[in-house]
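Worksheet for the structure shown next.
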Amino acid sequence: MSFYGSQSVRGCSAQLKLRHGQGAELLVARQVKWARKRGNDQEIAYWSAVLEDLANGPSRSR
């Protein structure tokens with residue numbers, strides 16, 4: 001998580017959920033797959049965190 005913060009992940013997942021609804025997780029899973037093909041560890045970590053945030057449901061208040 002060196003080049004992005006949790007707010008960035010939550011913001012991205014919230015925007016994707018608003019724009020794509022239930023399809024957001026599929027889109028992000030594709031991003032993870034493409035990042036793995038490119039071997040970009042930072043991108044893999046970011047999109048994996050976004051996917052995890054989407055899977056955890058509604059935003060948690062902090």
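Convention: chains lettered A, B, ... in structure tokens order; per-chain residue numbering from 1; ligands numbered from 1 as shown.
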TODO: Can you pull out every residue within 6 Å of range 5-15 of chain A, counting only C-alpha atoms, but drop anything in the same chain fewer than 3 positions away, and send it as a list in words?
DONE: Leu18, Val50 and Leu54 of chain A
Using only all heavy atoms, please write the residues we just selected to a file, as a compact mmCIF listing (two decimals), in the first residue's frame.
# COMPACT_ATOMS: atom_id res chain seq x y z
N LEU A 18 -21.21 3.11 -7.73
CA LEU A 18 -22.23 4.02 -8.23
C LEU A 18 -22.43 3.90 -9.73
O LEU A 18 -23.55 3.92 -10.23
CB LEU A 18 -21.86 5.46 -7.89
CG LEU A 18 -22.08 5.90 -6.45
CD1 LEU A 18 -21.48 7.29 -6.23
CD2 LEU A 18 -23.54 5.89 -6.09
N VAL A 50 -9.11 -2.56 -3.85
CA VAL A 50 -10.41 -2.05 -4.30
C VAL A 50 -11.42 -3.20 -4.34
O VAL A 50 -12.55 -3.07 -3.87
CB VAL A 50 -10.31 -1.35 -5.67
CG1 VAL A 50 -11.70 -1.02 -6.22
CG2 VAL A 50 -9.46 -0.09 -5.58
N LEU A 54 -14.89 -3.56 -2.21
CA LEU A 54 -16.19 -3.82 -2.83
C LEU A 54 -16.86 -5.03 -2.20
O LEU A 54 -18.06 -5.04 -1.96
CB LEU A 54 -16.03 -4.04 -4.34
CG LEU A 54 -15.80 -2.81 -5.18
CD1 LEU A 54 -15.39 -3.22 -6.58
CD2 LEU A 54 -17.03 -1.92 -5.23
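Non-sequential neighbours of range 20-34 of chain A (distance at most 12 Å, separation of 5 or more positions within a chain, only C-alpha atoms) are Val9, Cys12, Ser13, Ala14, Gln15, Gly39, Asn40, Asp41, Gln42, Glu43, Ile44, Ala45, Tyr46, Trp47, Ser48, Ala49, Val50, Leu51, Glu52, Asp53, Leu54, Ala55, Asn56, Gly57 and Pro58 of chain A.
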Task: alpha helix (DSSP H) call set, DSSP backbone run, chain A, as a ChimeraX atom specification - done: /A:6-20,24-38,41-55
